[in-house]
file entry.cif (mmCIF, C-alpha atoms and all ligand atoms)
data_structure
loop_
_atom_site.label_atom_id
_atom_site.label_comp_id
_atom_site.auth_asym_id
_atom_site.auth_seq_id
_atom_site.Cartn_x
_atom_site.Cartn_y
_atom_site.Cartn_z
CA PRO A 1 -18.99 -39.98 -12.91
CA GLY A 2 -22.17 -40.69 -10.98
CA ALA A 3 -25.32 -38.61 -10.59
CA TRP A 4 -23.56 -36.36 -8.03
CA SER A 5 -21.23 -34.91 -10.64
CA SER A 6 -24.03 -32.71 -11.97
CA THR A 7 -24.49 -31.08 -8.54
CA PRO A 8 -23.03 -27.57 -8.80
CA THR A 9 -20.29 -26.76 -6.29
CA PRO A 10 -21.62 -24.11 -3.89
CA ARG A 11 -19.82 -20.81 -4.32
CA VAL A 12 -17.45 -19.91 -1.51
CA ARG A 13 -18.21 -16.49 -0.14
CA ARG A 14 -14.76 -15.02 0.24
CA ALA A 15 -13.63 -11.58 1.42
CA ALA A 16 -10.22 -9.93 1.56
CA CYS A 17 -8.93 -7.91 4.52
CA PRO A 18 -5.98 -6.07 2.95
CA GLY A 19 -3.41 -3.96 4.74
CA SER A 20 0.29 -3.46 5.34
CA PHE A 21 0.11 -5.08 8.79
CA ASP A 22 3.59 -3.81 9.69
CA PRO A 23 2.84 -5.00 12.33
CA ALA A 24 -0.76 -6.12 12.87
CA THR A 25 -2.40 -4.43 15.86
CA ASN A 26 -5.26 -5.47 18.12
CA GLY A 27 -7.43 -3.17 16.00
CA HIS A 28 -6.65 -5.27 12.89
CA LEU A 29 -7.27 -8.50 14.79
CA ASP A 30 -10.57 -7.20 16.14
CA VAL A 31 -11.76 -6.48 12.59
CA ILE A 32 -10.60 -9.89 11.30
CA ARG A 33 -12.31 -11.68 14.21
CA ARG A 34 -15.59 -9.84 13.75
CA VAL A 35 -15.63 -10.29 9.98
CA SER A 36 -14.70 -14.00 10.00
CA PRO A 37 -18.20 -15.32 10.87
CA LEU A 38 -19.78 -13.20 8.12
CA PHE A 39 -18.05 -14.99 5.21
CA ASP A 40 -17.07 -18.56 4.37
CA GLU A 41 -13.45 -17.55 4.03
CA ILE A 42 -11.42 -14.46 4.92
CA VAL A 43 -8.12 -13.82 3.20
CA VAL A 44 -5.89 -11.44 5.13
CA ALA A 45 -3.88 -9.91 2.29
CA ILE A 46 -0.56 -8.38 3.29
CA GLY A 47 0.49 -5.70 0.79
CA VAL A 48 4.26 -5.62 0.38
CA ASN A 49 4.87 -2.82 -2.10
CA GLN A 50 8.04 -0.96 -1.04
CA SER A 51 7.67 1.51 1.79
CA LYS A 52 10.26 3.55 3.64
CA ASN A 53 9.63 2.76 7.28
CA ARG A 54 9.14 -0.98 7.01
CA MET A 55 9.88 -2.84 10.24
CA PHE A 56 9.00 -6.48 9.55
CA GLU A 57 9.72 -8.62 6.50
CA PRO A 58 6.65 -9.90 4.62
CA ASP A 59 7.27 -13.45 5.90
CA GLU A 60 7.35 -12.27 9.51
CA ARG A 61 4.12 -10.30 9.08
CA LEU A 62 2.50 -13.39 7.60
CA GLU A 63 3.74 -15.60 10.43
CA MET A 64 2.53 -13.20 13.13
CA ILE A 65 -0.99 -12.98 11.68
CA ARG A 66 -1.13 -16.75 11.15
CA GLU A 67 -0.25 -17.27 14.80
CA ALA A 68 -2.72 -14.65 15.99
CA THR A 69 -5.57 -16.15 13.94
CA ALA A 70 -4.71 -19.83 14.48
CA ASP A 71 -8.04 -20.35 16.28
CA LEU A 72 -10.04 -19.04 13.28
CA PRO A 73 -10.21 -21.92 10.77
CA ASN A 74 -11.71 -19.88 7.93
CA VAL A 75 -9.01 -17.18 8.03
CA LYS A 76 -6.18 -17.53 5.50
CA VAL A 77 -3.19 -15.22 5.29
CA ASP A 78 -1.35 -14.33 2.10
CA VAL A 79 1.12 -11.76 0.80
CA PHE A 80 0.52 -9.72 -2.36
CA LYS A 81 2.54 -7.39 -4.56
CA GLY A 82 0.99 -4.94 -6.97
CA LEU A 83 -2.69 -4.08 -7.06
CA ILE A 84 -5.18 -5.48 -4.56
CA VAL A 85 -7.75 -5.86 -7.35
CA ASP A 86 -5.36 -8.21 -9.21
CA PHE A 87 -4.95 -10.26 -6.03
CA CYS A 88 -8.75 -10.37 -5.70
CA ARG A 89 -9.23 -11.50 -9.30
CA VAL A 90 -6.66 -14.30 -9.08
CA ASN A 91 -8.14 -15.55 -5.80
CA ASP A 92 -11.82 -15.19 -6.76
CA ILE A 93 -12.53 -12.55 -4.11
CA PRO A 94 -15.40 -10.15 -4.93
CA VAL A 95 -15.23 -7.95 -1.84
CA ILE A 96 -12.73 -6.11 0.34
CA VAL A 97 -13.53 -5.39 3.99
CA LYS A 98 -11.86 -2.43 5.70
CA GLY A 99 -12.13 -1.13 9.24
CA LEU A 100 -12.71 2.58 9.81
CA ARG A 101 -11.28 4.06 13.00
CA MET A 102 -12.40 7.63 12.53
CA VAL A 103 -13.83 9.98 9.95
CA SER A 104 -10.39 10.85 8.60
CA ASP A 105 -9.85 7.20 7.56
CA PHE A 106 -12.94 7.48 5.41
CA ASP A 107 -11.49 10.11 3.02
CA TYR A 108 -8.78 7.87 1.61
CA GLU A 109 -10.69 4.60 2.01
CA LEU A 110 -13.66 5.98 0.06
CA GLN A 111 -11.37 7.05 -2.77
CA MET A 112 -9.63 3.65 -2.85
CA GLY A 113 -12.96 1.81 -2.69
CA GLN A 114 -14.33 3.81 -5.61
CA MET A 115 -11.12 3.29 -7.56
CA ASN A 116 -11.09 -0.46 -6.93
CA HIS A 117 -14.70 -0.72 -8.05
CA SER A 118 -14.01 1.30 -11.16
CA LEU A 119 -10.83 -0.69 -11.95
CA ALA A 120 -12.24 -4.18 -11.53
CA GLY A 121 -15.75 -4.19 -10.04
CA VAL A 122 -14.36 -5.21 -6.64
CA GLU A 123 -16.69 -4.05 -3.87
CA THR A 124 -15.60 -2.54 -0.55
CA LEU A 125 -17.48 -2.90 2.74
CA PHE A 126 -16.56 -0.79 5.76
CA ILE A 127 -16.85 -1.91 9.36
CA PRO A 128 -16.48 0.49 12.29
CA THR A 129 -13.54 -0.51 14.46
CA ASN A 130 -14.05 -1.04 18.16
CA PRO A 131 -13.69 2.47 19.67
CA ILE A 132 -11.22 1.15 22.26
CA TYR A 133 -8.78 0.78 19.34
CA SER A 134 -9.58 3.95 17.40
CA PHE A 135 -6.30 5.64 18.33
CA LEU A 136 -4.17 2.61 17.43
CA SER A 137 -1.97 2.47 14.34
CA SER A 138 0.94 0.34 13.21
CA SER A 139 3.15 3.42 12.81
CA LEU A 140 2.52 4.61 16.40
CA VAL A 141 3.14 1.09 17.71
CA LYS A 142 6.47 1.04 15.83
CA GLU A 143 7.46 4.44 17.20
CA ILE A 144 6.55 3.59 20.79
CA ALA A 145 8.37 0.25 20.58
CA ALA A 146 11.44 1.89 19.02
CA PHE A 147 11.72 4.23 22.01
CA GLY A 148 11.29 1.42 24.52
CA GLY A 149 7.64 2.15 25.37
CA ASP A 150 5.09 -0.42 26.46
CA VAL A 151 2.91 -1.68 23.62
CA SER A 152 1.34 -4.63 25.44
CA GLY A 153 -2.41 -4.30 25.08
CA MET A 154 -1.97 -2.76 21.63
CA VAL A 155 -0.76 -5.76 19.65
CA PRO A 156 -1.46 -9.49 19.64
CA GLU A 157 0.93 -11.77 21.55
CA PRO A 158 2.95 -12.99 18.52
CA VAL A 159 3.68 -9.35 17.61
CA LEU A 160 4.47 -8.31 21.17
CA ARG A 161 6.91 -11.19 21.52
CA ARG A 162 8.84 -10.17 18.40
CA LEU A 163 8.86 -6.48 19.34
CA GLN A 164 10.25 -7.35 22.78
CA GLN A 165 12.91 -9.58 21.21
CA ARG A 166 14.01 -6.63 19.09
CA GLN A 167 14.06 -4.27 22.09
CA LYS A 168 16.47 -6.66 23.86
CA ARG A 169 18.97 -6.55 21.00
O1 LIG A 201 -2.62 -0.89 6.12
P1 LIG A 201 -2.62 0.10 4.99
O2 LIG A 201 -1.25 0.65 4.78
O3 LIG A 201 -3.67 1.15 5.14
O4 LIG A 201 -2.99 -0.77 3.69
C1 LIG A 201 -3.13 -0.18 2.45
C2 LIG A 201 -3.24 -1.22 1.34
C3 LIG A 201 -2.01 -2.11 1.30
C4 LIG A 201 -4.46 -2.07 1.58
C5 LIG A 201 -3.40 -0.41 0.05
O5 LIG A 201 -2.37 0.51 -0.05
C6 LIG A 201 -3.41 -1.29 -1.17
O6 LIG A 201 -4.41 -1.89 -1.49
N1 LIG A 201 -2.24 -1.36 -1.84
C7 LIG A 201 -2.05 -2.19 -2.99
C8 LIG A 201 -1.82 -1.34 -4.23
C9 LIG A 201 -3.14 -0.90 -4.83
O7 LIG A 201 -3.98 -1.70 -5.19
N2 LIG A 201 -3.28 0.43 -4.93
C10 LIG A 201 -4.43 1.07 -5.54
C11 LIG A 201 -5.56 1.25 -4.59
S1 LIG A 201 -6.86 2.11 -5.34
#
call {"tool": "encode", "arguments": {"input": "entry.cif", "output": "structure tokens", "more": "lines below"}}
Ligand code: PNS
result
Amino acid sequence: PGAWSSTPTPRVRRAACPGSFDPATNGHLDVIRRVSPLFDEIVVAIGVNQSKNRMFEPDERLEMIREATADLPNVKVDVFKGLIVDFCRVNDIPVIVKGLRMVSDFDYELQMGQMNHSLAGVETLFIPTNPIYSFLSSSLVKEIAAFGGDVSGMVPEPVLRRLQQRQKR
């Protein structure tokens, strides 16, 4: 080892953007895009604990977000089971970033943020979503798509493509 070996490795400033992303919407992508320049690395963390009205498999959700963020080199995408704070600990992530669409989002997000801090010291930062997306949600997108409605403009291209493939079946 030469003299360089004593140089400490700079700490990577990493943040998690967790969600179900079933499927990701343009609102999610807007948050990920705006947050990506603020940290060295963003980990989009897809939570896959069982839920009733699941539409896409975890692998498909991962693939769609990877495609939609392919132009953002510091954005990684991963799937997690269990608690988000455990995922953060294993991946050396001190902070979670969440978008808030409206005041009603804040109720539950505040409670989760306080719980996650109390559980493991993981911090939560909130970012206001772009108001043009404040009425968007994955569940509405699923419902509209299921009844043959037009969701272009609501979801990124890789999601739209898969929703349209399903409508054709
Ligand atoms: O997109 P969503 O459904 O609002 O995402 C919610 C998600 C997955 C981020 C949240 O439910 C979560 O963190 N789940 C993992 C389980 C967990 O850690 N629960 C305790 C939170 S205090």
call {"tool": "residues_near_ligand", "arguments": {"input": "entry.cif", "ligand": "ligand LIG 201 (chain A)", "cutoff": "10 Å", "atoms": "only C-alpha atoms and all ligand atoms", "output": "PyMOL selection string"}}
result
chain A and resi 16-24+28+45-49+51+80-88+96-99+105+108-119+137-139
call {"tool": "atom_distance", "arguments": {"input": "entry.cif", "atom1": "CA of Phe106 (chain A)", "atom2": "CA of Phe135 (chain A)"}}
result
14.6 Å
call {"tool": "residues_around", "arguments": {"input": "entry.cif", "residues": "Gly153 (chain A)", "least_positions_apart": "6", "cutoff": "12 Å", "atoms": "only C-alpha atoms", "output": "list in words"}}
result
Thr25, Asn26, Gly27, Ile132, Tyr133, Leu136, Val141, Val159 and Leu160 of chain A
call {"tool": "closest_residue", "arguments": {"input": "entry.cif", "among": "A:Asn91, A:Gln164, A:Thr124, A:Asn74", "to": "Pro37 (chain A)", "atoms": "all atoms listed in the file"}}
result
A:Asn74
call {"tool": "atom_distance", "arguments": {"input": "entry.cif", "atom1": "CA of Ile42 (chain A)", "atom2": "CA of Val77 (chain A)"}}
result
8.3 Å
call {"tool": "atom_distance", "arguments": {"input": "entry.cif", "atom1": "CA of Thr9 (chain A)", "atom2": "CA of Arg66 (chain A)"}}
result
27.8 Å
call {"tool": "closest_residue", "arguments": {"input": "entry.cif", "among": "A:Leu100, A:Leu29, A:Val155, A:Phe56", "to": "Leu125 (chain A)", "atoms": "only C-alpha atoms"}}
result
A:Leu100
call {"tool": "closest_residue", "arguments": {"input": "entry.cif", "among": "A:Pro131, A:Gly121, A:Pro156, A:Pro73", "to": "Arg101 (chain A)", "atoms": "only C-alpha atoms"}}
result
A:Pro131
call {"tool": "closest_residue", "arguments": {"input": "entry.cif", "among": "A:Arg61, A:Arg14, A:Arg54, A:Lys168", "to": "Val79 (chain A)", "atoms": "all atoms listed in the file"}}
result
A:Arg61
call {"tool": "residues_around", "arguments": {"input": "entry.cif", "residues": "Arg11 (chain A)", "least_positions_apart": "6", "cutoff": "12 Å", "atoms": "all atoms listed in the file", "output": "list of chain:residue names"}}
result
A:Phe39, A:Asp40, A:Glu41, A:Asp92, A:Ile93, A:Pro94
call {"tool": "closest_residue", "arguments": {"input": "entry.cif", "among": "A:Val75, A:Val95, A:Met102, A:Ala70", "to": "Arg13 (chain A)", "atoms": "only C-alpha atoms"}}
result
A:Val95
call {"tool": "closest_residue", "arguments": {"input": "entry.cif", "among": "A:Ile65, A:Ile127, A:Val122, A:Val43", "to": "Glu157 (chain A)", "atoms": "all atoms listed in the file"}}
result
A:Ile65
call {"tool": "build_atoms", "arguments": {"input": "entry.cif", "residues": "region 140-151 of chain A", "atoms": "all heavy atoms", "output": "PDB file, in the coordinates of the input"}}
result
ATOM      1  N   LEU A 140       2.308   4.191  15.002  1.00  0.00           N
ATOM      2  CA  LEU A 140       2.520   4.610  16.400  1.00  0.00           C
ATOM      3  C   LEU A 140       3.105   3.468  17.224  1.00  0.00           C
ATOM      4  O   LEU A 140       3.987   3.686  18.053  1.00  0.00           O
ATOM      5  CB  LEU A 140       1.203   5.101  17.016  1.00  0.00           C
ATOM      6  CG  LEU A 140       0.737   6.499  16.609  1.00  0.00           C
ATOM      7  CD1 LEU A 140      -0.504   6.899  17.396  1.00  0.00           C
ATOM      8  CD2 LEU A 140       1.836   7.542  16.811  1.00  0.00           C
ATOM      9  N   VAL A 141       2.602   2.250  16.980  1.00  0.00           N
ATOM     10  CA  VAL A 141       3.140   1.090  17.710  1.00  0.00           C
ATOM     11  C   VAL A 141       4.644   0.971  17.450  1.00  0.00           C
ATOM     12  O   VAL A 141       5.447   0.777  18.366  1.00  0.00           O
ATOM     13  CB  VAL A 141       2.397  -0.206  17.290  1.00  0.00           C
ATOM     14  CG1 VAL A 141       3.170  -1.450  17.695  1.00  0.00           C
ATOM     15  CG2 VAL A 141       0.991  -0.227  17.892  1.00  0.00           C
ATOM     16  N   LYS A 142       5.048   1.142  16.171  1.00  0.00           N
ATOM     17  CA  LYS A 142       6.470   1.040  15.830  1.00  0.00           C
ATOM     18  C   LYS A 142       7.283   2.108  16.553  1.00  0.00           C
ATOM     19  O   LYS A 142       8.376   1.859  17.066  1.00  0.00           O
ATOM     20  CB  LYS A 142       6.670   1.216  14.312  1.00  0.00           C
ATOM     21  CG  LYS A 142       6.466  -0.066  13.542  1.00  0.00           C
ATOM     22  CD  LYS A 142       6.797   0.092  12.078  1.00  0.00           C
ATOM     23  CE  LYS A 142       5.616   0.619  11.306  1.00  0.00           C
ATOM     24  NZ  LYS A 142       5.747   0.434   9.856  1.00  0.00           N
ATOM     25  N   GLU A 143       6.735   3.331  16.571  1.00  0.00           N
ATOM     26  CA  GLU A 143       7.460   4.440  17.200  1.00  0.00           C
ATOM     27  C   GLU A 143       7.603   4.211  18.696  1.00  0.00           C
ATOM     28  O   GLU A 143       8.689   4.388  19.268  1.00  0.00           O
ATOM     29  CB  GLU A 143       6.714   5.752  16.910  1.00  0.00           C
ATOM     30  CG  GLU A 143       7.470   6.959  17.419  1.00  0.00           C
ATOM     31  CD  GLU A 143       6.927   8.263  16.849  1.00  0.00           C
ATOM     32  OE1 GLU A 143       6.579   8.295  15.652  1.00  0.00           O
ATOM     33  OE2 GLU A 143       6.845   9.229  17.621  1.00  0.00           O
ATOM     34  N   ILE A 144       6.509   3.809  19.335  1.00  0.00           N
ATOM     35  CA  ILE A 144       6.550   3.590  20.790  1.00  0.00           C
ATOM     36  C   ILE A 144       7.538   2.465  21.113  1.00  0.00           C
ATOM     37  O   ILE A 144       8.369   2.590  22.018  1.00  0.00           O
ATOM     38  CB  ILE A 144       5.132   3.255  21.320  1.00  0.00           C
ATOM     39  CG1 ILE A 144       4.220   4.477  21.158  1.00  0.00           C
ATOM     40  CG2 ILE A 144       5.180   2.829  22.781  1.00  0.00           C
ATOM     41  CD1 ILE A 144       2.747   4.162  21.236  1.00  0.00           C
ATOM     42  N   ALA A 145       7.471   1.383  20.335  1.00  0.00           N
ATOM     43  CA  ALA A 145       8.370   0.250  20.580  1.00  0.00           C
ATOM     44  C   ALA A 145       9.824   0.657  20.361  1.00  0.00           C
ATOM     45  O   ALA A 145      10.712   0.271  21.121  1.00  0.00           O
ATOM     46  CB  ALA A 145       7.993  -0.927  19.690  1.00  0.00           C
ATOM     47  N   ALA A 146      10.063   1.484  19.334  1.00  0.00           N
ATOM     48  CA  ALA A 146      11.440   1.890  19.020  1.00  0.00           C
ATOM     49  C   ALA A 146      12.054   2.701  20.160  1.00  0.00           C
ATOM     50  O   ALA A 146      13.262   2.635  20.390  1.00  0.00           O
ATOM     51  CB  ALA A 146      11.454   2.715  17.727  1.00  0.00           C
ATOM     52  N   PHE A 147      11.211   3.443  20.894  1.00  0.00           N
ATOM     53  CA  PHE A 147      11.720   4.230  22.010  1.00  0.00           C
ATOM     54  C   PHE A 147      11.554   3.523  23.352  1.00  0.00           C
ATOM     55  O   PHE A 147      11.596   4.145  24.412  1.00  0.00           O
ATOM     56  CB  PHE A 147      11.053   5.615  22.040  1.00  0.00           C
ATOM     57  CG  PHE A 147      11.478   6.492  20.885  1.00  0.00           C
ATOM     58  CD1 PHE A 147      10.555   6.922  19.932  1.00  0.00           C
ATOM     59  CD2 PHE A 147      12.808   6.877  20.744  1.00  0.00           C
ATOM     60  CE1 PHE A 147      10.947   7.731  18.867  1.00  0.00           C
ATOM     61  CE2 PHE A 147      13.211   7.683  19.676  1.00  0.00           C
ATOM     62  CZ  PHE A 147      12.274   8.108  18.741  1.00  0.00           C
ATOM     63  N   GLY A 148      11.326   2.212  23.276  1.00  0.00           N
ATOM     64  CA  GLY A 148      11.290   1.420  24.520  1.00  0.00           C
ATOM     65  C   GLY A 148       9.985   1.497  25.289  1.00  0.00           C
ATOM     66  O   GLY A 148       9.922   1.073  26.444  1.00  0.00           O
ATOM     67  N   GLY A 149       8.927   2.046  24.678  1.00  0.00           N
ATOM     68  CA  GLY A 149       7.640   2.150  25.370  1.00  0.00           C
ATOM     69  C   GLY A 149       6.904   0.816  25.426  1.00  0.00           C
ATOM     70  O   GLY A 149       7.292  -0.149  24.760  1.00  0.00           O
ATOM     71  N   ASP A 150       5.854   0.815  26.216  1.00  0.00           N
ATOM     72  CA  ASP A 150       5.090  -0.420  26.460  1.00  0.00           C
ATOM     73  C   ASP A 150       3.920  -0.514  25.470  1.00  0.00           C
ATOM     74  O   ASP A 150       3.002   0.282  25.515  1.00  0.00           O
ATOM     75  CB  ASP A 150       4.565  -0.394  27.896  1.00  0.00           C
ATOM     76  CG  ASP A 150       3.744  -1.627  28.225  1.00  0.00           C
ATOM     77  OD1 ASP A 150       3.748  -2.588  27.428  1.00  0.00           O
ATOM     78  OD2 ASP A 150       3.097  -1.617  29.290  1.00  0.00           O
ATOM     79  N   VAL A 151       3.982  -1.509  24.601  1.00  0.00           N
ATOM     80  CA  VAL A 151       2.910  -1.680  23.620  1.00  0.00           C
ATOM     81  C   VAL A 151       2.041  -2.909  23.915  1.00  0.00           C
ATOM     82  O   VAL A 151       1.225  -3.293  23.083  1.00  0.00           O
ATOM     83  CB  VAL A 151       3.445  -1.738  22.160  1.00  0.00           C
ATOM     84  CG1 VAL A 151       4.023  -0.415  21.746  1.00  0.00           C
ATOM     85  CG2 VAL A 151       4.447  -2.868  21.989  1.00  0.00           C
TER      86      VAL A 151
END
